[in-house]
Structure formats: structure tokens, C-alpha cells
$ cat my_file_27.cif   # mmCIF, C-alpha atoms and all ligand atoms
data_final
loop_
_atom_site.label_atom_id
_atom_site.label_comp_id
_atom_site.auth_asym_id
_atom_site.auth_seq_id
_atom_site.Cartn_x
_atom_site.Cartn_y
_atom_site.Cartn_z
CA MET A 8 5.93 5.47 3.51
CA GLY A 9 8.91 7.40 4.89
CA ILE A 10 9.98 6.81 8.48
CA ARG A 11 9.03 10.33 9.58
CA LEU A 12 5.56 9.97 8.11
CA ALA A 13 5.22 6.59 9.83
CA GLN A 14 6.26 8.24 13.12
CA LEU A 15 3.64 10.95 12.59
CA HIS A 16 1.02 8.24 12.03
CA LEU A 17 2.13 6.52 15.23
CA TYR A 18 1.79 9.80 17.16
CA VAL A 19 -1.66 10.47 15.72
CA ASP A 20 -2.83 6.88 16.31
CA ILE A 21 -1.77 7.03 19.95
CA HIS A 22 -3.32 10.47 20.47
CA LEU A 23 -6.56 9.50 18.75
CA HIS A 24 -7.27 7.45 21.88
CA ASP A 25 -7.54 10.81 23.63
CA ARG A 26 -11.00 11.10 22.15
CA TYR A 27 -12.14 8.66 24.84
CA LEU A 28 -9.99 9.99 27.67
CA ALA A 29 -9.57 13.73 27.22
CA PRO A 30 -13.21 14.98 27.40
CA PRO A 31 -14.17 13.09 30.61
CA LEU A 32 -10.80 13.99 32.18
CA THR A 33 -11.43 17.65 31.32
CA LEU A 34 -14.74 17.53 33.16
CA VAL A 35 -13.15 15.86 36.23
CA VAL A 36 -10.37 18.46 36.30
CA ALA A 37 -12.94 21.26 35.86
CA ALA A 38 -14.83 19.89 38.86
CA LEU A 39 -11.60 19.89 40.93
CA LEU A 40 -10.88 23.38 39.69
CA THR A 41 -14.02 24.68 41.36
CA ASN A 42 -12.19 24.22 44.70
CA TRP A 43 -9.97 27.17 43.77
CA VAL A 44 -11.85 29.23 41.18
CA PRO A 45 -15.47 30.34 40.72
CA VAL A 46 -17.63 27.72 38.97
CA LEU A 47 -18.08 30.01 35.95
CA HIS A 48 -14.29 30.14 35.43
CA ALA A 49 -14.04 26.36 35.60
CA VAL A 50 -16.91 26.02 33.10
CA VAL A 51 -15.26 28.50 30.70
CA TRP A 52 -11.96 26.61 30.96
CA ALA A 53 -13.66 23.25 30.34
CA GLY A 54 -15.69 24.67 27.42
CA LEU A 55 -12.60 26.07 25.70
CA GLU A 56 -10.63 22.89 26.26
CA LEU A 57 -13.42 20.68 24.87
CA LEU A 58 -13.49 22.84 21.70
CA ILE A 59 -9.71 22.53 21.37
CA ILE A 60 -9.92 18.74 21.84
CA ALA A 61 -12.67 18.53 19.19
CA ASN A 62 -10.44 20.49 16.80
CA TYR A 63 -7.32 18.35 17.18
CA ILE A 64 -9.33 15.15 16.87
CA ARG A 65 -10.82 16.57 13.63
CA VAL A 66 -7.30 17.40 12.33
CA TYR A 67 -6.08 13.88 13.21
CA ARG A 68 -9.04 12.27 11.46
CA VAL A 69 -8.50 14.32 8.28
CA PHE A 70 -4.82 13.29 8.40
CA LYS A 71 -5.73 9.59 8.74
CA ARG A 72 -8.25 9.76 5.90
CA SER A 73 -6.00 11.68 3.49
CA ASP A 74 -3.44 9.85 1.42
CA VAL A 75 -0.54 11.87 2.86
CA GLN A 76 2.67 11.58 0.85
CA PRO A 77 6.15 11.87 2.45
CA ARG A 78 6.64 15.30 0.80
CA ASP A 79 3.54 16.61 2.68
CA GLU A 80 4.87 15.37 6.03
CA PRO A 81 6.41 18.69 7.28
CA GLN A 82 3.19 20.56 6.52
CA TRP A 83 1.11 17.97 8.39
CA ALA A 84 3.57 17.90 11.30
CA ASN A 85 2.98 21.67 11.64
CA ARG A 86 -0.80 21.37 11.58
CA ILE A 87 -0.77 18.52 14.08
CA ALA A 88 1.74 20.30 16.34
CA LEU A 89 -0.41 23.46 16.36
CA ALA A 90 -3.65 21.56 17.01
CA HIS A 91 -2.13 19.57 19.88
CA GLY A 92 -0.03 22.48 21.13
CA ALA A 93 -3.26 24.44 21.69
CA HIS A 94 -4.48 21.58 23.88
CA MET A 95 -1.26 21.66 25.91
CA LEU A 96 -1.58 25.44 26.26
CA ALA A 97 -5.11 25.02 27.57
CA TRP A 98 -3.95 22.53 30.22
CA SER A 99 -1.06 24.76 31.20
CA SER A 100 -3.44 27.69 31.56
CA LEU A 101 -4.57 25.86 34.69
CA VAL A 102 -1.62 27.60 36.33
CA PHE A 103 -3.47 30.89 36.06
CA TRP A 104 -6.88 29.47 36.86
CA ALA A 105 -6.04 27.28 39.80
CA TRP A 106 -2.87 28.42 41.51
CA GLN A 107 -3.31 30.13 44.79
CA PRO A 108 -0.08 31.11 46.54
CA GLU A 109 -1.36 30.10 49.93
CA SER A 110 -2.91 26.80 48.80
CA PHE A 111 -0.52 23.83 48.87
CA PRO A 112 -3.16 21.43 47.40
CA SER A 113 -3.60 23.75 44.40
CA LEU A 114 0.17 23.63 43.80
CA ILE A 115 0.26 19.81 44.04
CA PHE A 116 -2.77 19.57 41.74
CA ILE A 117 -1.13 21.74 39.08
CA MET A 118 2.22 19.98 39.34
CA LEU A 119 0.64 16.53 39.07
CA VAL A 120 -1.28 17.55 35.93
CA HIS A 121 1.90 18.89 34.31
CA ILE A 122 4.06 15.95 35.32
CA GLY A 123 1.45 13.73 33.62
CA LEU A 124 1.44 15.83 30.46
CA ILE A 125 5.22 15.86 30.19
CA ALA A 126 5.59 12.14 30.87
CA LEU A 127 2.90 11.25 28.32
CA THR A 128 4.05 13.40 25.44
CA ALA A 129 7.85 13.32 25.69
CA SER A 130 8.05 9.76 24.38
CA MET A 131 5.57 10.25 21.53
CA SER A 132 6.66 13.57 20.10
CA ASN A 133 10.43 13.16 20.22
CA ALA A 134 10.73 12.20 16.58
CA HIS A 135 9.41 15.55 15.38
CA LEU A 136 10.93 18.67 16.81
CA ARG A 137 7.82 20.72 16.07
CA LEU A 138 5.64 18.31 18.00
CA LEU A 139 8.12 18.05 20.84
CA THR A 140 8.42 21.83 21.17
CA LEU A 141 4.72 22.63 21.11
CA ASP A 142 3.81 19.63 23.27
CA MET A 143 6.37 20.39 25.95
CA ILE A 144 6.87 24.13 26.13
CA PHE A 145 3.76 25.11 28.06
CA PRO A 146 3.71 22.22 30.59
CA VAL A 147 7.46 22.66 31.19
CA LEU A 148 7.12 26.41 31.69
CA ALA A 149 4.30 25.77 34.14
CA LEU A 150 6.12 23.00 36.02
CA ILE A 151 9.40 24.87 36.33
CA GLY A 152 8.08 28.44 36.36
CA LEU A 153 5.14 28.16 38.74
CA PRO A 154 7.13 27.59 41.95
CA LEU A 155 9.37 30.54 41.00
CA LEU A 156 6.42 32.93 41.18
CA GLU A 157 7.07 33.00 44.91
CA LEU A 158 10.78 32.67 45.39
CA ASN A 159 11.98 30.68 48.41
CA TRP A 160 14.23 27.65 48.95
CA PHE A 161 11.36 25.17 48.92
CA ASN A 162 9.91 26.51 45.65
CA LEU A 163 13.37 26.64 44.10
CA GLY A 164 13.79 22.96 45.02
CA LEU A 165 10.41 22.17 43.43
CA SER A 166 11.40 24.02 40.28
CA LEU A 167 14.71 22.14 40.05
CA LEU A 168 12.84 18.87 40.61
CA GLY A 169 10.53 19.83 37.72
CA GLY A 170 13.54 20.55 35.50
CA GLY A 171 15.18 17.23 36.43
CA PHE A 172 11.95 15.36 35.80
CA THR A 173 11.58 16.98 32.36
CA ALA A 174 15.18 16.11 31.42
CA LEU A 175 14.61 12.50 32.54
CA MET A 176 11.39 12.22 30.55
CA ILE A 177 13.06 13.57 27.41
CA GLN A 178 15.84 11.01 27.85
CA VAL A 179 13.31 8.18 28.30
CA GLY A 180 11.39 9.56 25.29
CA ARG A 181 14.55 9.48 23.15
CA GLN A 182 15.13 5.86 24.07
CA ILE A 183 11.53 4.85 23.36
CA ASN A 184 11.71 6.77 20.11
CA ALA A 185 14.92 4.98 19.05
CA TYR A 186 13.22 1.61 19.64
CA SER A 187 10.04 2.59 17.82
CA THR A 188 12.04 3.96 14.86
CA GLU A 189 13.94 0.69 14.65
CA ALA A 190 10.65 -1.23 14.78
CA LEU A 191 9.18 0.95 12.02
CA GLN A 192 12.28 0.46 9.86
CA LEU A 193 12.10 -3.30 10.37
CA ARG A 194 8.41 -3.30 9.48
CA GLN A 195 9.09 -1.35 6.28
CA ARG A 196 11.92 -3.68 5.33
CA ASN A 197 9.62 -6.66 5.96
CA GLU A 198 6.92 -5.16 3.76
CA ILE A 199 9.41 -4.63 0.92
CA LEU A 200 10.69 -8.21 1.30
CA ILE A 201 7.15 -9.61 1.30
CA GLN A 202 6.33 -7.61 -1.84
CA GLU A 203 9.49 -8.90 -3.52
CA LEU A 204 8.69 -12.49 -2.51
CA GLU A 205 5.13 -12.17 -3.77
CA SER A 206 6.36 -10.69 -7.04
CA GLN A 207 8.95 -13.48 -7.41
CA ALA A 208 6.32 -16.13 -6.65
CA SER A 209 4.02 -14.78 -9.36
CA ARG A 210 6.65 -14.15 -12.08
CA ASP A 211 8.34 -16.47 -14.52
CA SER A 212 12.03 -16.00 -13.79
CA LEU A 213 13.15 -16.28 -17.42
CA THR A 214 10.73 -14.01 -19.26
CA GLY A 215 9.51 -11.78 -16.41
CA ILE A 216 5.83 -12.22 -17.30
CA VAL A 217 3.45 -13.92 -14.87
CA ASN A 218 3.75 -17.66 -14.32
CA ARG A 219 1.16 -20.36 -14.90
CA ARG A 220 -0.20 -20.38 -11.35
CA TYR A 221 -0.71 -16.61 -11.27
CA PHE A 222 -2.12 -16.51 -14.79
CA LEU A 223 -4.74 -19.18 -14.06
CA ALA A 224 -5.84 -17.45 -10.86
CA ALA A 225 -6.02 -14.02 -12.55
CA ALA A 226 -7.78 -15.44 -15.62
CA ASP A 227 -10.36 -17.11 -13.40
CA LYS A 228 -11.14 -13.77 -11.73
CA HIS A 229 -11.46 -12.03 -15.13
CA LEU A 230 -13.75 -14.82 -16.32
CA GLN A 231 -16.07 -14.54 -13.32
CA ALA A 232 -16.20 -10.74 -13.70
CA ALA A 233 -16.93 -10.99 -17.45
CA ARG A 234 -19.72 -13.54 -16.81
CA GLU A 235 -21.21 -11.39 -14.09
CA HIS A 236 -21.33 -8.24 -16.23
CA GLY A 237 -21.92 -9.89 -19.58
CA ASN A 238 -18.69 -8.46 -20.99
CA PRO A 239 -16.74 -10.11 -23.81
CA LEU A 240 -13.48 -11.86 -22.98
CA ALA A 241 -10.95 -13.37 -25.38
CA LEU A 242 -8.29 -15.96 -24.69
CA MET A 243 -5.41 -17.03 -26.86
CA ILE A 244 -2.82 -19.77 -26.56
CA ILE A 245 0.51 -18.96 -28.19
CA ASP A 246 3.14 -21.57 -28.98
CA LEU A 247 6.57 -21.16 -30.57
CA ASP A 248 7.03 -23.13 -33.77
CA HIS A 249 9.70 -25.82 -34.12
CA PHE A 250 11.26 -24.68 -30.91
CA LYS A 251 12.83 -28.08 -30.32
CA GLN A 252 15.02 -27.46 -33.38
CA VAL A 253 16.23 -24.17 -31.88
CA ASN A 254 17.12 -25.97 -28.67
CA ASP A 255 18.76 -28.84 -30.51
CA GLN A 256 20.86 -26.47 -32.63
CA TYR A 257 21.79 -23.77 -30.12
CA GLY A 258 21.31 -25.49 -26.80
CA HIS A 259 19.00 -24.59 -23.94
CA LEU A 260 20.60 -21.19 -23.38
CA GLY A 261 20.19 -20.25 -27.03
CA GLY A 262 16.57 -21.38 -26.82
CA ASP A 263 16.10 -19.21 -23.73
CA GLU A 264 17.35 -16.15 -25.64
CA VAL A 265 14.74 -16.77 -28.33
CA LEU A 266 11.95 -17.22 -25.74
CA VAL A 267 12.83 -13.93 -24.07
CA ALA A 268 13.00 -12.05 -27.39
CA VAL A 269 9.59 -13.37 -28.51
CA VAL A 270 7.98 -12.42 -25.18
CA ASP A 271 9.55 -8.95 -25.33
CA ALA A 272 8.22 -8.44 -28.86
CA CYS A 273 4.71 -9.55 -27.86
CA VAL A 274 4.58 -7.44 -24.70
CA GLN A 275 5.00 -4.29 -26.84
CA HIS A 276 1.58 -4.92 -28.38
CA LEU A 277 -0.46 -5.47 -25.21
CA ARG A 278 -2.87 -3.07 -23.52
CA THR A 279 -2.77 -2.40 -19.81
CA GLY A 280 -5.26 -4.84 -18.34
CA ASP A 281 -4.31 -7.69 -20.67
CA CYS A 282 -2.96 -10.71 -18.81
CA PHE A 283 0.00 -12.43 -20.48
CA GLY A 284 1.44 -15.50 -18.81
CA ARG A 285 3.81 -18.37 -19.47
CA LEU A 286 1.98 -21.67 -19.15
CA GLY A 287 5.23 -23.64 -19.37
CA GLY A 288 7.99 -24.42 -21.87
CA GLU A 289 7.35 -22.50 -25.12
CA GLU A 290 3.62 -22.13 -24.49
CA PHE A 291 1.98 -18.85 -23.44
CA ALA A 292 -1.55 -17.60 -22.80
CA LEU A 293 -3.00 -14.16 -23.27
CA LEU A 294 -6.28 -13.03 -21.79
CA LEU A 295 -7.94 -9.94 -23.24
CA PRO A 296 -10.72 -8.54 -21.04
CA ASP A 297 -13.45 -6.54 -22.83
CA SER A 298 -12.25 -7.66 -26.24
CA SER A 299 -14.51 -8.64 -29.12
CA LEU A 300 -13.49 -11.32 -31.60
CA PRO A 301 -12.26 -8.86 -34.29
CA GLU A 302 -10.17 -7.04 -31.66
CA ALA A 303 -8.70 -10.31 -30.36
CA LEU A 304 -7.90 -11.54 -33.88
CA GLU A 305 -6.27 -8.22 -34.71
CA THR A 306 -4.12 -8.41 -31.57
CA ALA A 307 -3.18 -12.02 -32.35
CA GLU A 308 -2.19 -11.06 -35.87
CA ARG A 309 -0.06 -8.20 -34.52
CA LEU A 310 1.76 -10.59 -32.16
CA ARG A 311 2.32 -13.05 -34.97
CA GLN A 312 3.73 -10.35 -37.26
CA ALA A 313 5.89 -8.88 -34.49
CA THR A 314 7.44 -12.32 -33.88
CA GLU A 315 7.84 -13.04 -37.57
CA ALA A 316 9.69 -9.73 -37.95
CA LEU A 317 12.32 -10.72 -35.37
CA VAL A 318 15.78 -11.39 -36.73
CA LEU A 319 17.78 -12.79 -33.82
CA THR A 320 21.45 -13.58 -33.70
CA VAL A 321 21.99 -16.65 -31.54
CA GLN A 322 25.59 -17.82 -31.22
CA GLY A 323 26.44 -16.05 -34.44
CA ASN A 324 23.55 -17.58 -36.38
CA ILE A 325 20.38 -15.88 -37.58
CA VAL A 326 17.20 -17.27 -36.03
CA ARG A 327 13.75 -16.15 -37.20
CA PRO A 328 11.14 -17.46 -34.78
CA THR A 329 7.43 -17.77 -35.54
CA ILE A 330 4.42 -18.52 -33.40
CA SER A 331 1.09 -20.29 -33.80
CA ILE A 332 -1.91 -18.80 -32.06
CA GLY A 333 -5.33 -20.23 -31.18
CA VAL A 334 -8.03 -17.70 -30.29
CA THR A 335 -11.35 -18.20 -28.59
CA LEU A 336 -14.04 -16.08 -26.97
CA LEU A 337 -16.02 -16.54 -23.77
CA GLN A 338 -19.29 -18.33 -24.57
CA ALA A 339 -22.57 -18.37 -22.68
CA GLY A 340 -22.00 -21.96 -21.55
CA ASP A 341 -18.44 -21.41 -20.23
CA SER A 342 -18.62 -21.80 -16.48
CA SER A 343 -14.91 -22.39 -15.95
CA LEU A 344 -11.61 -21.45 -17.49
CA SER A 345 -10.82 -25.02 -18.55
CA SER A 346 -13.39 -25.10 -21.39
CA LEU A 347 -11.99 -21.85 -22.83
CA MET A 348 -8.42 -23.08 -22.49
CA HIS A 349 -9.37 -26.33 -24.20
CA ARG A 350 -10.93 -24.53 -27.19
CA ALA A 351 -7.99 -22.12 -27.52
CA ASP A 352 -5.63 -25.10 -27.33
CA LEU A 353 -7.51 -26.93 -30.10
CA ALA A 354 -7.40 -23.79 -32.25
CA MET A 355 -3.66 -23.47 -31.62
CA TYR A 356 -3.09 -27.13 -32.65
CA ALA A 357 -5.17 -26.44 -35.76
CA ALA A 358 -2.77 -23.57 -36.54
CA LYS A 359 0.13 -26.01 -36.17
CA THR A 360 -1.42 -28.58 -38.50
CA GLN A 361 -2.34 -25.91 -41.06
CA GLY A 362 1.35 -25.05 -41.42
CA ARG A 363 2.26 -22.94 -38.30
CA ASN A 364 2.99 -19.21 -38.14
CA ARG A 365 -0.71 -18.38 -38.24
CA VAL A 366 -3.72 -17.38 -36.19
CA VAL A 367 -6.66 -19.78 -36.03
CA CYS A 368 -9.97 -18.90 -34.48
CA ASP A 369 -12.04 -21.43 -32.60
CA GLU A 370 -15.22 -22.28 -34.57
CA GLN A 371 -17.59 -21.66 -31.64
CA ALA A 372 -16.24 -18.12 -31.27
CA ARG A 373 -17.10 -17.48 -34.94
CA ALA A 374 -20.69 -18.79 -34.61
CA PRO A 375 -23.28 -15.97 -34.83
CA ASN A 376 -24.67 -14.59 -31.56
CA GLN A 377 -22.16 -16.56 -29.59
CA GLY A 378 -19.58 -13.84 -29.20
CA ALA A 379 -20.55 -12.48 -25.81
CA ALA A 380 -21.48 -14.23 -22.63
CA GLU A 381 -24.95 -13.69 -21.18
CA PRO A 382 -24.82 -11.79 -17.92
CA VAL A 383 -25.18 -14.14 -14.97
CA LEU A 384 -28.22 -13.30 -12.91
CA GLN A 385 -27.24 -12.80 -9.29
CA THR A 386 -29.69 -14.46 -6.92
N1 LIG B 401 15.35 -23.20 -24.00
C1 LIG B 401 14.26 -23.67 -23.41
N2 LIG B 401 13.60 -24.67 -23.96
C2 LIG B 401 12.51 -25.15 -23.37
C3 LIG B 401 12.04 -24.61 -22.16
N3 LIG B 401 10.92 -25.29 -21.82
C4 LIG B 401 10.71 -26.21 -22.78
N4 LIG B 401 11.65 -26.15 -23.74
C5 LIG B 401 11.84 -26.91 -24.96
O1 LIG B 401 10.82 -26.59 -25.90
C6 LIG B 401 10.76 -27.66 -26.85
C7 LIG B 401 9.34 -27.94 -27.22
O2 LIG B 401 9.33 -28.81 -28.26
P1 LIG B 401 8.00 -29.46 -28.85
O3 LIG B 401 6.95 -29.53 -27.81
O4 LIG B 401 8.39 -30.73 -29.53
O5 LIG B 401 7.51 -28.42 -29.88
P2 LIG B 401 8.18 -27.69 -31.10
O6 LIG B 401 9.54 -28.20 -31.42
O7 LIG B 401 8.12 -26.22 -30.79
O8 LIG B 401 7.24 -28.04 -32.26
P3 LIG B 401 5.82 -27.47 -32.57
O9 LIG B 401 5.24 -26.95 -31.29
O10 LIG B 401 5.05 -28.60 -33.09
O11 LIG B 401 6.02 -26.38 -33.56
C8 LIG B 401 11.46 -28.85 -26.21
O12 LIG B 401 12.68 -29.05 -26.85
C9 LIG B 401 11.71 -28.41 -24.76
O13 LIG B 401 12.91 -28.96 -24.23
C10 LIG B 401 12.79 -23.55 -21.58
O14 LIG B 401 12.46 -23.01 -20.54
N5 LIG B 401 13.88 -23.11 -22.23
#
$ encode --input "my_file_27.cif" --output "C-alpha cells"
Amino acid sequence: MGIRLAQLHLYVDIHLHDRYLAPPLTLVVAALLTNWVPVLHAVVWAGLELLIIANYIRVYRVFKRSDVQPRDEPQWANRIALAHGAHMLAWSSLVFWAWQPESFPSLIFIMLVHIGLIALTASMSNAHLRLLTLDMIFPVLALIGLPLLELNWFNLGLSLLGGGFTALMIQVGRQINAYSTEALQLRQRNEILIQELESQASRDSLTGIVNRRYFLAAADKHLQAAREHGNPLALMIIDLDHFKQVNDQYGHLGGDEVLVAVVDACVQHLRTGDCFGRLGGEEFALLLPDSSLPEALETAERLRQATEALVLTVQGNIVRPTISIGVTLLQAGDSSLSSLMHRADLAMYAAKTQGRNRVVCDEQARAPNQGAAEPVLQT
């Protein structure tokens, strides 16, 4: 989220509290207003203002519920500024409703209301010029302009005081805004760092695919979901063949190059939703949600062929890696990942003993009517 959008959220969040404060305050002010205007006028003012409040709260709520993107921020700033500006206009209209040239209390009442409005909004709306303008223009005009309606030295002094107060509030608002912007920037930087740390903690640094810990946790979730819905789920264990020889001949770094190339070749053949992780060393696991046995065997065969087709040049020598794959399917009796992993492991070792560079399917997965797990009845 861009900083300006975050600032708009902050503004809306703070003003959403108005839904508790603004309507009762409107009624109190309307009651005070009846000291200077006929009751009907005060009721009309309060009725209009309550409608305006209802409208800006509706606009704020729609804003909060929508997934607003940074590019939509200027458009939303306009809508919010207009909705809130109408509210400020309504308050400033008190000048016309309540001011009586001969009544000092009416003047104090109006000035206090406008001082409050200016002080409250200057700090929140500073980040967006549209908000600042529409929030401030009417209260400022009322605060500075009202005493000038009857020109004398006292009223001129009041007007200057109003101008000074507005300038001070804008200055304070700028300062508060600078601090809140810095806080928002720090929060965003923290979020990015946390995401990076989480991604680093879940990834294998050499191959870039997920690590053992993440794979096991994700596989466990997939397994529970598949059991719950009675969906098929396939698991394969993939192991590089004679990898020790590669390491012995070309060293650990040469071996690393081969590992990365094999993973890259395999990743090309995965669907989104498949979970491919490095269990450790030259051993990998691949979980295929919603896959039947023929689909899983087909995928395994594609991975095997993709690896077999690799012709790598490691330290000037040609290396042609191969992999052995053991495949199994979720069975009705599988309550945890370990039984599936064990069967896939046994199938992978069978592939090794049968001569490597092949796909072997676990016998249980081949047994009739055993392919899919029974849905687990939720009690
Ligand atoms: N380069 C590299 N080698 C690793 C890494 N992790 C484990 N190994 C090596 O992988 C090799 C695994 O060898 P073995 O378990 O004997 O298996 P293999 O030689 O592949 O033989 P088979 O599995 O029976 O085909 C060992 O030499 C480990 O040192 C790694 O991150 N990088």
C-alpha cells in the first residue's frame, strides 16, 4: 500500500469514530442553537447535518470495504474530501443560523465550534491537499470572516486571532503529519522485512524451492483437507542417482550446480498448487493435490524424462543426471503424513534397487478401490 493511501486510511479510520460523536454533538448544538434561532430552524439544521454525517460515514465504510489500489487513491481522496467537506460546510453554516450582531454569547459559541473544527482536522487532513482544503475552508472563513461582518477594532482583533490560530494549527498539523508519515513508512518497511524473513525461513537457499520444515507443514494441511473432502492426493519422493559420484568428481560446488539444474527442470512441469520441497541433501518431495494415480505417474515420468534430457557442463565435463522416483497415493487408513512418506520412500528405494532412473509405484496405491481416501465424517 502506498504511503498516500495509508494516510487516507488513517484519516478515514480516525473520522469513522465520528459515527459515535457527531450525531449526539449535532443534537446538543441544535439545542444550544434554539437560544438564537427559532426551534424549526435548529431542527432543519440538525436534520440536514445528520443526513450529511450519514452520507460521509457510508462513503468511509465503502472505502474501507473496497480493495482500493494506490492508483485509485486520488479518486477516493476526492470522494472523501467532498463527503467530509459537506459536513464542514454544514457546521460553518451555523454562522448564518446563530450569529446575532448584538449577542456576544452567540459569537463565542460560533467561534468555539470553529476553533474545534480547525484544531481537529488540520492535523488529520494535511497529507492530502484536497482534504485539507475542503476540511478547512469553511471553518476558516467563518472564524476569520464572521467578526469582519461588523467592522471595529475588537472584531478585527478577533479576526486576526482566528487567522493566527489557523496558521498555528496548520503548523502543528504539518508536524503531526510528518511524524505519522514516518511511522507509516517504518511500518511498511517492517512488513516488507517480515515478508522477506518469512520467505527466507520457508525457502531452501540453494534451489529456491520450499524447505523440509515448510513442505511438511504444507503437506500436512493438504492431507487433512484431502481427507476431509475425500479428494485424491499423490505424494512422490525424488532422489538423484549416484549423486555422491558427482560430488566426488566435481566437488560440492559442482554437485550444487547439478542439484539446481535438476530442480529447475522439474519445476517446469509442475502445476500451480503442487507443493515441491527439498527434504535434504539430494532428496525431494512433491505433493500433488487432487491427482489420481495415472496423473501422478504421468507427472513423475515427465520429471524423470526432463532430468534425463539434461546435458550439463560442470567444470568442462558433461554430466547427465538421472532421478529415481517413488509414488504413492493417499489411502483410507492414512491418518498422518508419515505413513504416506514411508510408502513413497519404500517405492523410491525400490526404484533404486531396480536400476535407478525410473518411477516405481507403491503397491498399495495400485490396489483396486484404494486410490481415493474416504471422506472423513465431521462430528
Ligand atoms: N553438492 C551437494 N551435495 C550434497 C548436498 N547434500 C548432500 N549432498 C551429497 O549427496 C550425496 C548423497 O549420496 P548418497 O546418499 O550415497 O546417494 P547417491 O550417491 O546419490 O546414491 P544413490 O542415492 O543410491 O543413487 C553425498 O555425497 C552428500 O554429501 C548439497 O547440498 N550439495
$ atom_distance --input "my_file_27.cif" --atom1 "atom N4 of ligand LIG 401 (chain B)" --atom2 "atom CA of Thr320 of chain A"
18.8 Å
$ closest_residue --input "my_file_27.cif" --among "A:Arg365, A:His24, A:Arg309, A:His259" --to "ligand LIG 401 (chain B)" --atoms "all atoms listed in the file"
A:His259
$ closest_residue --input "my_file_27.cif" --among "A:Met176, A:Leu165, A:Ile244, A:Ile64" --to "Met143 of chain A" --atoms "only C-alpha atoms"
A:Met176
$ atom_distance --input "my_file_27.cif" --atom1 "atom CA of Ile115 of chain A" --atom2 "atom CA of Ala93 of chain A"
23.1 Å
$ atom_distance --input "my_file_27.cif" --atom1 "atom CA of His94 of chain A" --atom2 "atom CA of Leu191 of chain A"
27.4 Å
$ residues_near_point --input "my_file_27.cif" --point "(14.8, 22.3, 39.0)" --cutoff "10 Å" --atoms "all atoms listed in the file" --output "PyMOL selection string"
chain A and resi 150-152+154+162-174
$ write_last_selection --input "my_file_27.cif" --atoms "C-alpha atoms" --output "mmCIF file, keeping the file's coordinate frame"
data_model
loop_
_atom_site.group_PDB
_atom_site.id
_atom_site.type_symbol
_atom_site.label_atom_id
_atom_site.label_comp_id
_atom_site.auth_asym_id
_atom_site.auth_seq_id
_atom_site.Cartn_x
_atom_site.Cartn_y
_atom_site.Cartn_z
ATOM 1 C CA LEU A 150 6.120 23.000 36.020
ATOM 2 C CA ILE A 151 9.400 24.870 36.330
ATOM 3 C CA GLY A 152 8.080 28.440 36.360
ATOM 4 C CA PRO A 154 7.130 27.590 41.950
ATOM 5 C CA ASN A 162 9.910 26.510 45.650
ATOM 6 C CA LEU A 163 13.370 26.640 44.100
ATOM 7 C CA GLY A 164 13.790 22.960 45.020
ATOM 8 C CA LEU A 165 10.410 22.170 43.430
ATOM 9 C CA SER A 166 11.400 24.020 40.280
ATOM 10 C CA LEU A 167 14.710 22.140 40.050
ATOM 11 C CA LEU A 168 12.840 18.870 40.610
ATOM 12 C CA GLY A 169 10.530 19.830 37.720
ATOM 13 C CA GLY A 170 13.540 20.550 35.500
ATOM 14 C CA GLY A 171 15.180 17.230 36.430
ATOM 15 C CA PHE A 172 11.950 15.360 35.800
ATOM 16 C CA THR A 173 11.580 16.980 32.360
ATOM 17 C CA ALA A 174 15.180 16.110 31.420
#
$ residues_near_ligand --input "my_file_27.cif" --ligand "ligand LIG 401 (chain B)" --cutoff "8 Å" --atoms "all atoms listed in the file" --output "list in words"
Leu213, Asp246, Leu247, Asp248, His249, Phe250, Lys251, Gln252, Val253, Asn254, Asp255, Gly258, His259, Leu260, Gly261, Gly262, Asp263, Glu264, Val265, Leu266, Gly287, Gly288, Glu289, Ser331, Lys359 and Arg363 of chain A
$ closest_residue --input "my_file_27.cif" --among "A:Leu153, A:Ala208, A:Gln76, A:Ile325" --to "Ser113 of chain A" --atoms "all atoms listed in the file"
A:Leu153
$ closest_residue --input "my_file_27.cif" --among "A:Ala351, A:Ala126, A:Val147, A:Leu337" --to "Ser99 of chain A" --atoms "all atoms listed in the file"
A:Val147
$ residues_near_point --input "my_file_27.cif" --point "(-1.8, -26.2, -32.7)" --cutoff "9 Å" --atoms "all atoms listed in the file" --output "count of residues only"
18
$ residues_around --input "my_file_27.cif" --residues "Leu39 of chain A" --least-positions-apart "4" --cutoff "9 Å" --atoms "all atoms listed in the file" --output "ChimeraX atom specification"
/A:34-35,43,49,116
$ residues_around --input "my_file_27.cif" --residues "Ala38 of chain A" --least-positions-apart "6" --cutoff "12 Å" --atoms "all atoms listed in the file" --output "PyMOL selection string"
chain A and resi 31-32+44-53+105
$ residues_around --input "my_file_27.cif" --residues "Pro30 of chain A" --least-positions-apart "6" --cutoff "12 Å" --atoms "only C-alpha atoms" --output "ChimeraX atom specification"
/A:24,36-37,53-61,64,94
$ closest_residue --input "my_file_27.cif" --among "A:Asn42, A:Asn62, A:Asn159, A:Ser130" --to "Leu23 of chain A" --atoms "only C-alpha atoms"
A:Asn62
$ residues_around --input "my_file_27.cif" --residues "Ala316 of chain A" --least-positions-apart "6" --cutoff "9 Å" --atoms "all atoms listed in the file" --output "list in words"
Arg327, Pro328 and Thr329 of chain A
$ closest_residue --input "my_file_27.cif" --among "A:Ala129, A:Leu15, A:Leu28, A:Leu141" --to "Gln182 of chain A" --atoms "all atoms listed in the file"
A:Ala129
$ axis_aligned_box --input "my_file_27.cif" --around "segment 348-365 of chain A" --padding-each-side "5 Å" --output "JSON"
{"center_x": -4.0, "center_y": -23.5, "center_z": -32.0, "size_x": 23.9, "size_y": 20.2, "size_z": 28.9}
$ residues_around --input "my_file_27.cif" --residues "Ala241 of chain A" --least-positions-apart "5" --cutoff "8 Å" --atoms "all atoms listed in the file" --output "list in words"
Leu294, Leu295, Pro296, Asp297, Ser298, Ser299, Leu300, Ala303, Val334, Thr335, Leu336 and Leu337 of chain A
